[in-house]
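**Student:** The structure file structure06.json (JSON, C-alpha atoms) is provided below.
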```
[["chain", "number", "residue", "atom", "x", "y", "z"],
["N", 1, "MET", "CA", -82.92, 35.76, 22.01],
["N", 2, "ILE", "CA", -83.42, 32.64, 24.14],
["N", 3, "THR", "CA", -84.31, 33.49, 27.77],
["N", 4, "TYR", "CA", -84.70, 29.96, 29.07],
["N", 5, "ILE", "CA", -85.15, 26.40, 27.87],
["N", 6, "ARG", "CA", -87.53, 23.98, 29.56],
["N", 7, "GLY", "CA", -87.48, 20.31, 28.63],
["N", 8, "ILE", "CA", -86.29, 16.78, 29.25],
["N", 9, "ILE", "CA", -82.73, 16.22, 30.45],
["N", 10, "ASP", "CA", -81.37, 13.95, 27.73],
["N", 11, "GLU", "CA", -77.72, 13.95, 28.82],
["N", 12, "LEU", "CA", -75.96, 15.43, 31.83],
["N", 13, "THR", "CA", -72.28, 15.76, 32.69],
["N", 14, "PRO", "CA", -70.53, 18.07, 35.20],
["N", 15, "THR", "CA", -69.86, 20.55, 32.38],
["N", 16, "GLN", "CA", -72.71, 20.11, 29.89],
["N", 17, "ALA", "CA", -76.43, 19.40, 29.75],
["N", 18, "THR", "CA", -78.48, 18.42, 26.72],
["N", 19, "ILE", "CA", -82.08, 19.53, 27.09],
["N", 20, "GLU", "CA", -84.67, 18.24, 24.64],
["N", 21, "ALA", "CA", -87.48, 20.71, 24.02],
["N", 22, "HIS", "CA", -90.13, 20.12, 21.34],
["N", 23, "GLY", "CA", -87.97, 17.59, 19.53],
["N", 24, "VAL", "CA", -84.84, 19.76, 19.51],
["N", 25, "GLY", "CA", -81.80, 18.94, 21.65],
["N", 26, "TYR", "CA", -79.99, 21.98, 23.04],
["N", 27, "LEU", "CA", -76.41, 21.54, 24.28],
["N", 28, "LEU", "CA", -75.69, 23.94, 27.13],
["N", 29, "ASN", "CA", -72.43, 24.56, 28.94],
["N", 30, "ILE", "CA", -73.10, 24.54, 32.68],
["N", 31, "SER", "CA", -71.31, 25.16, 35.98],
["N", 32, "LEU", "CA", -70.75, 22.51, 38.60],
["N", 33, "ASN", "CA", -73.39, 24.17, 40.79],
["N", 34, "THR", "CA", -76.00, 23.90, 38.04],
["N", 35, "TYR", "CA", -74.97, 20.27, 37.49],
["N", 36, "THR", "CA", -75.58, 19.59, 41.19],
["N", 37, "ALA", "CA", -79.00, 21.28, 40.98],
["N", 38, "LEU", "CA", -80.00, 19.08, 38.01],
["N", 39, "GLN", "CA", -78.85, 15.74, 39.38],
["N", 40, "GLY", "CA", -81.66, 13.26, 39.91],
["N", 41, "LYS", "CA", -84.13, 15.26, 37.81],
["N", 42, "SER", "CA", -85.71, 14.17, 34.53],
["N", 43, "GLU", "CA", -86.80, 17.65, 33.46],
["N", 44, "ALA", "CA", -85.33, 21.11, 33.94],
["N", 45, "ARG", "CA", -85.64, 24.77, 33.13],
["N", 46, "LEU", "CA", -82.31, 26.47, 32.48],
["N", 47, "PHE", "CA", -81.82, 30.20, 32.03],
["N", 48, "VAL", "CA", -79.73, 30.81, 28.94],
["N", 49, "TYR", "CA", -76.95, 33.07, 27.72],
["N", 50, "GLU", "CA", -76.15, 32.92, 23.99],
["N", 51, "SER", "CA", -72.55, 33.52, 22.95],
["N", 52, "ILE", "CA", -72.67, 34.23, 19.23],
["N", 53, "ARG", "CA", -69.48, 34.68, 17.22],
["N", 54, "GLU", "CA", -68.64, 34.28, 13.54],
["N", 55, "ASP", "CA", -67.06, 30.88, 14.19],
["N", 56, "ALA", "CA", -69.26, 29.55, 16.97],
["N", 57, "TRP", "CA", -72.68, 29.70, 18.61],
["N", 58, "THR", "CA", -72.47, 28.55, 22.22],
["N", 59, "LEU", "CA", -75.21, 28.26, 24.82],
["N", 60, "PHE", "CA", -74.58, 28.57, 28.56],
["N", 61, "GLY", "CA", -77.23, 27.29, 30.98],
["N", 62, "PHE", "CA", -77.91, 28.31, 34.57],
["N", 63, "ALA", "CA", -80.12, 26.86, 37.28],
["N", 64, "THR", "CA", -80.98, 30.34, 38.63],
["N", 65, "LYS", "CA", -81.36, 33.85, 37.26],
["N", 66, "GLN", "CA", -78.86, 35.08, 39.85],
["N", 67, "GLU", "CA", -76.17, 32.75, 38.55],
["N", 68, "ARG", "CA", -76.79, 34.00, 35.01],
["N", 69, "GLU", "CA", -76.68, 37.65, 36.13],
["N", 70, "LEU", "CA", -73.38, 37.09, 37.92],
["N", 71, "PHE", "CA", -72.02, 35.29, 34.83],
["N", 72, "LEU", "CA", -72.97, 38.29, 32.66],
["N", 73, "MET", "CA", -71.23, 40.64, 35.09],
["N", 74, "LEU", "CA", -68.09, 38.51, 35.05],
["N", 75, "ILE", "CA", -67.79, 38.34, 31.26],
["N", 76, "SER", "CA", -68.20, 42.13, 31.07],
["N", 77, "VAL", "CA", -64.75, 42.40, 32.69],
["N", 78, "SER", "CA", -61.82, 42.53, 30.25],
["N", 79, "GLY", "CA", -59.92, 39.24, 30.30],
["N", 80, "VAL", "CA", -62.84, 37.14, 31.56],
["N", 81, "GLY", "CA", -64.39, 34.87, 28.94],
["N", 82, "GLY", "CA", -67.31, 32.48, 29.19],
["N", 83, "ASN", "CA", -65.21, 29.49, 30.21],
["N", 84, "THR", "CA", -63.36, 31.44, 32.92],
["N", 85, "ALA", "CA", -66.65, 32.76, 34.30],
["N", 86, "ARG", "CA", -68.08, 29.23, 34.30],
["N", 87, "THR", "CA", -65.00, 27.96, 36.13],
["N", 88, "MET", "CA", -65.45, 30.65, 38.76],
["N", 89, "LEU", "CA", -69.10, 29.66, 39.19],
["N", 90, "SER", "CA", -68.00, 26.03, 39.53],
["N", 91, "SER", "CA", -65.41, 26.87, 42.17],
["N", 92, "PHE", "CA", -67.86, 28.83, 44.34],
["N", 93, "THR", "CA", -71.62, 29.16, 44.63],
["N", 94, "ALA", "CA", -73.05, 32.41, 43.28],
["N", 95, "PRO", "CA", -73.55, 33.85, 46.82],
["N", 96, "GLU", "CA", -70.01, 32.85, 47.81],
["N", 97, "LEU", "CA", -68.51, 34.43, 44.70],
["N", 98, "ALA", "CA", -70.52, 37.63, 45.13],
["N", 99, "GLY", "CA", -69.33, 37.76, 48.74],
["N", 100, "LEU", "CA", -65.69, 37.36, 47.73],
["N", 101, "ILE", "CA", -65.98, 40.22, 45.25],
["N", 102, "MET", "CA", -67.74, 42.46, 47.76],
["N", 103, "ASP", "CA", -65.11, 41.69, 50.40],
["N", 104, "SER", "CA", -62.25, 42.34, 47.91],
["N", 105, "ASN", "CA", -60.91, 38.84, 48.64],
["N", 106, "GLU", "CA", -58.33, 38.72, 45.86],
["N", 107, "LYS", "CA", -56.52, 35.82, 47.54],
["N", 108, "MET", "CA", -59.47, 33.45, 47.18],
["N", 109, "LEU", "CA", -60.36, 34.64, 43.66],
["N", 110, "LYS", "CA", -56.84, 33.81, 42.50],
["N", 111, "THR", "CA", -57.37, 30.17, 43.53],
["N", 112, "VAL", "CA", -59.59, 29.78, 40.45],
["N", 113, "LYS", "CA", -57.69, 28.03, 37.67],
["N", 114, "GLY", "CA", -56.53, 30.44, 34.98],
["N", 115, "LEU", "CA", -57.34, 33.58, 36.95],
["N", 116, "GLY", "CA", -54.34, 35.83, 37.55],
["N", 117, "ALA", "CA", -53.82, 38.66, 40.03],
["N", 118, "LYS", "CA", -54.50, 41.47, 37.53],
["N", 119, "THR", "CA", -57.78, 39.95, 36.34],
["N", 120, "ALA", "CA", -58.88, 39.26, 39.93],
["N", 121, "GLN", "CA", -58.18, 42.92, 40.78],
["N", 122, "ARG", "CA", -60.17, 44.10, 37.74],
["N", 123, "ILE", "CA", -63.12, 41.91, 38.76],
["N", 124, "ILE", "CA", -63.11, 43.42, 42.25],
["N", 125, "VAL", "CA", -62.75, 47.03, 41.06],
["N", 126, "GLU", "CA", -65.39, 46.78, 38.32],
["N", 127, "LEU", "CA", -67.96, 44.55, 40.03],
["N", 128, "LYS", "CA", -67.69, 45.29, 43.75],
["N", 129, "ASP", "CA", -70.65, 47.68, 43.74],
["N", 130, "LYS", "CA", -72.56, 45.92, 40.96],
["N", 131, "VAL", "CA", -72.80, 42.49, 42.65],
["N", 132, "VAL", "CA", -74.58, 44.09, 45.61],
["N", 133, "SER", "CA", -77.62, 44.63, 43.37],
["N", 134, "LEU", "CA", -78.03, 40.86, 43.11],
["N", 135, "GLY", "CA", -78.83, 40.64, 46.83],
["N", 136, "ILE", "CA", -77.32, 37.16, 47.10],
["N", 137, "ALA", "CA", -74.03, 37.69, 48.94],
["N", 138, "THR", "CA", -75.22, 36.06, 52.14],
["N", 139, "GLU", "CA", -72.35, 33.61, 52.40],
["N", 140, "SER", "CA", -68.71, 34.36, 53.08],
["N", 141, "VAL", "CA", -65.68, 32.23, 52.33],
["N", 142, "SER", "CA", -62.69, 32.17, 54.64],
["N", 143, "ASP", "CA", -59.12, 32.02, 53.35],
["N", 144, "ASN", "CA", -59.08, 28.27, 53.95],
["N", 145, "GLY", "CA", -61.92, 27.89, 51.46],
["N", 146, "GLU", "CA", -64.64, 27.02, 53.99],
["N", 147, "ALA", "CA", -67.97, 28.67, 53.47],
["N", 148, "SER", "CA", -69.97, 30.17, 56.28],
["N", 149, "VAL", "CA", -73.54, 29.37, 55.29],
["N", 150, "PRO", "CA", -76.36, 31.16, 57.12],
["N", 151, "SER", "CA", -79.60, 29.51, 58.13],
["N", 152, "VAL", "CA", -82.61, 29.88, 55.85],
["N", 153, "GLN", "CA", -84.17, 32.30, 58.35],
["N", 154, "ASN", "CA", -80.96, 34.35, 58.42],
["N", 155, "SER", "CA", -80.87, 34.53, 54.61],
["N", 156, "GLU", "CA", -84.50, 35.67, 54.45],
["N", 157, "VAL", "CA", -83.90, 38.34, 57.08],
["N", 158, "TYR", "CA", -80.81, 39.56, 55.19],
["N", 159, "ASN", "CA", -82.70, 39.81, 51.90],
["N", 160, "GLU", "CA", -85.72, 41.59, 53.43],
["N", 161, "ALA", "CA", -83.57, 44.05, 55.36],
["N", 162, "PHE", "CA", -81.32, 44.69, 52.36],
["N", 163, "GLU", "CA", -84.27, 45.44, 50.06],
["N", 164, "ALA", "CA", -86.04, 47.62, 52.63],
["N", 165, "LEU", "CA", -82.96, 49.76, 53.31],
["N", 166, "LYS", "CA", -82.21, 50.03, 49.60],
["N", 167, "MET", "CA", -85.77, 51.27, 49.00],
["N", 168, "LEU", "CA", -85.21, 53.88, 51.71],
["N", 169, "GLY", "CA", -82.47, 55.32, 49.56],
["N", 170, "PHE", "CA", -79.31, 53.95, 51.15],
["N", 171, "PRO", "CA", -76.47, 52.86, 48.80],
["N", 172, "PRO", "CA", -76.33, 49.05, 48.28],
["N", 173, "ALA", "CA", -72.67, 48.51, 49.23],
["N", 174, "PRO", "CA", -72.76, 49.97, 52.77],
["N", 175, "VAL", "CA", -76.22, 48.45, 53.32],
["N", 176, "ALA", "CA", -74.92, 44.95, 52.54],
["N", 177, "LYS", "CA", -71.86, 45.40, 54.75],
["N", 178, "THR", "CA", -73.92, 46.78, 57.65],
["N", 179, "VAL", "CA", -76.63, 44.10, 57.51],
["N", 180, "LYS", "CA", -74.01, 41.33, 57.32],
["N", 181, "ALA", "CA", -72.25, 42.77, 60.40],
["N", 182, "ILE", "CA", -75.52, 43.02, 62.35],
["N", 183, "LEU", "CA", -76.55, 39.44, 61.54],
["N", 184, "LYS", "CA", -73.08, 38.20, 62.45],
["N", 185, "ASP", "CA", -73.54, 39.61, 65.96],
["N", 186, "ASN", "CA", -77.29, 38.93, 66.14],
["N", 187, "PRO", "CA", -77.95, 35.81, 64.02],
["N", 188, "THR", "CA", -81.52, 35.34, 65.30],
["N", 189, "ALA", "CA", -82.60, 38.98, 65.12],
["N", 190, "PRO", "CA", -85.92, 39.62, 63.35],
["N", 191, "VAL", "CA", -85.94, 41.82, 60.26],
["N", 192, "GLU", "CA", -87.46, 44.78, 62.14],
["N", 193, "LYS", "CA", -84.58, 44.84, 64.63],
["N", 194, "VAL", "CA", -81.98, 44.49, 61.88],
["N", 195, "ILE", "CA", -83.45, 47.48, 60.00],
["N", 196, "LYS", "CA", -83.60, 49.63, 63.15],
["N", 197, "LEU", "CA", -79.98, 48.83, 64.03],
["N", 198, "ALA", "CA", -78.89, 49.48, 60.46],
["N", 199, "LEU", "CA", -80.64, 52.87, 60.39],
["N", 200, "LYS", "CA", -78.53, 53.92, 63.39],
["N", 201, "MET", "CA", -75.31, 52.74, 61.73],
["N", 202, "LEU", "CA", -75.77, 53.99, 58.17]]
```
Using structure tokens, write down the structure from this file.
**Tutor:**
Amino acid sequence: MITYIRGIIDELTPTQATIEAHGVGYLLNISLNTYTALQGKSEARLFVYESIREDAWTLFGFATKQERELFLMLISVSGVGGNTARTMLSSFTAPELAGLIMDSNEKMLKTVKGLGAKTAQRIIVELKDKVVSLGIATESVSDNGEASVPSVQNSEVYNEAFEALKMLGFPPAPVAKTVKAILKDNPTAPVEKVIKLALKML
């Protein structure tokens, strides 16, 4: 099994990247977000998912482990194939998409080409609790498609508070919802304050 490929970027398009490693060129299907991350670079390391069928062997490449993990979660849902999952990860960043699933935002999920209401509902039902484990849903997307992106400090505080509360034994889903609510009202709060407030609310 290939975990990642590191090498020279030989060719790059918004949907595919050819990475040359030790004289072998690997063609990987990529999302628009991974394409953006690779632009302007001569070398790259892409995390890989191998789709092996009797009639085809396809490689998917991801700029981050989190994007690959979310991709794997998506294709575990009945009716979601590799190309649909890639389209979803091209329409939204991984944190945005995780946030939409956690917030049960079926309306925004259905804006993805080829994704119907029933499949969107299945994604929400099956993955709502699972995506929390990724710890990346620090962005939210409004119904007009605009993302609310937190500051770097805010993201770090969210991640630290989330992990600390999870280690204390609290379920991931309510922890994520509570920490997001606290940071929305107190965007500059230090991690210690966020944890103390969360402990009172959970």
**Student:** I'd like the contact shell of range 18-30 of chain N - 10 Å cut-off, all atoms listed in the file, skipping same-chain residues fewer than 6 positions apart - returned as number ranges by chain.
**Tutor:** N: 5-12, 42-46, 48-50, 58-63, 82-83, 86-87, 89-90
**Student:** Counting only C-alpha atoms, select every polymer residue within 10 Å of (-70.2, 37.7, 46.1) as defined in the file's coordinates, and provide the selection as a count of residues only.
**Tutor:** 29
**Student:** Could you please determine the separation between CA of Leu109 in chain N and CA of Gln16 in chain N in Å, to one decimal place?
**Tutor:**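 According to the coordinates, CA of Leu109 in chain N and CA of Gln16 in chain N are separated by 23.5 Å.
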**Student:** Quick one: pull the distance between CA of Leu72 in chain N and CA of Arg122 in chain N, Å, one decimal.
**Tutor:**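 Interatomic distance here is 14.9 Å.
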**Student:** In Å, with one decimal, what is the gap from CA of Pro190 in chain N to CA of Ser155 in chain N?
**Tutor:**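 CA of Ser155 in chain N lies at a distance of 11.3 Å from CA of Pro190 in chain N.
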**Student:** Considering only C-alpha atoms, can you say which of N:Met201, N:Val157, N:Arg68, N:Arg53 comes closest to Leu183 in chain N?
**Tutor:**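 Under the stated criterion, the closest residue is N:Val157.
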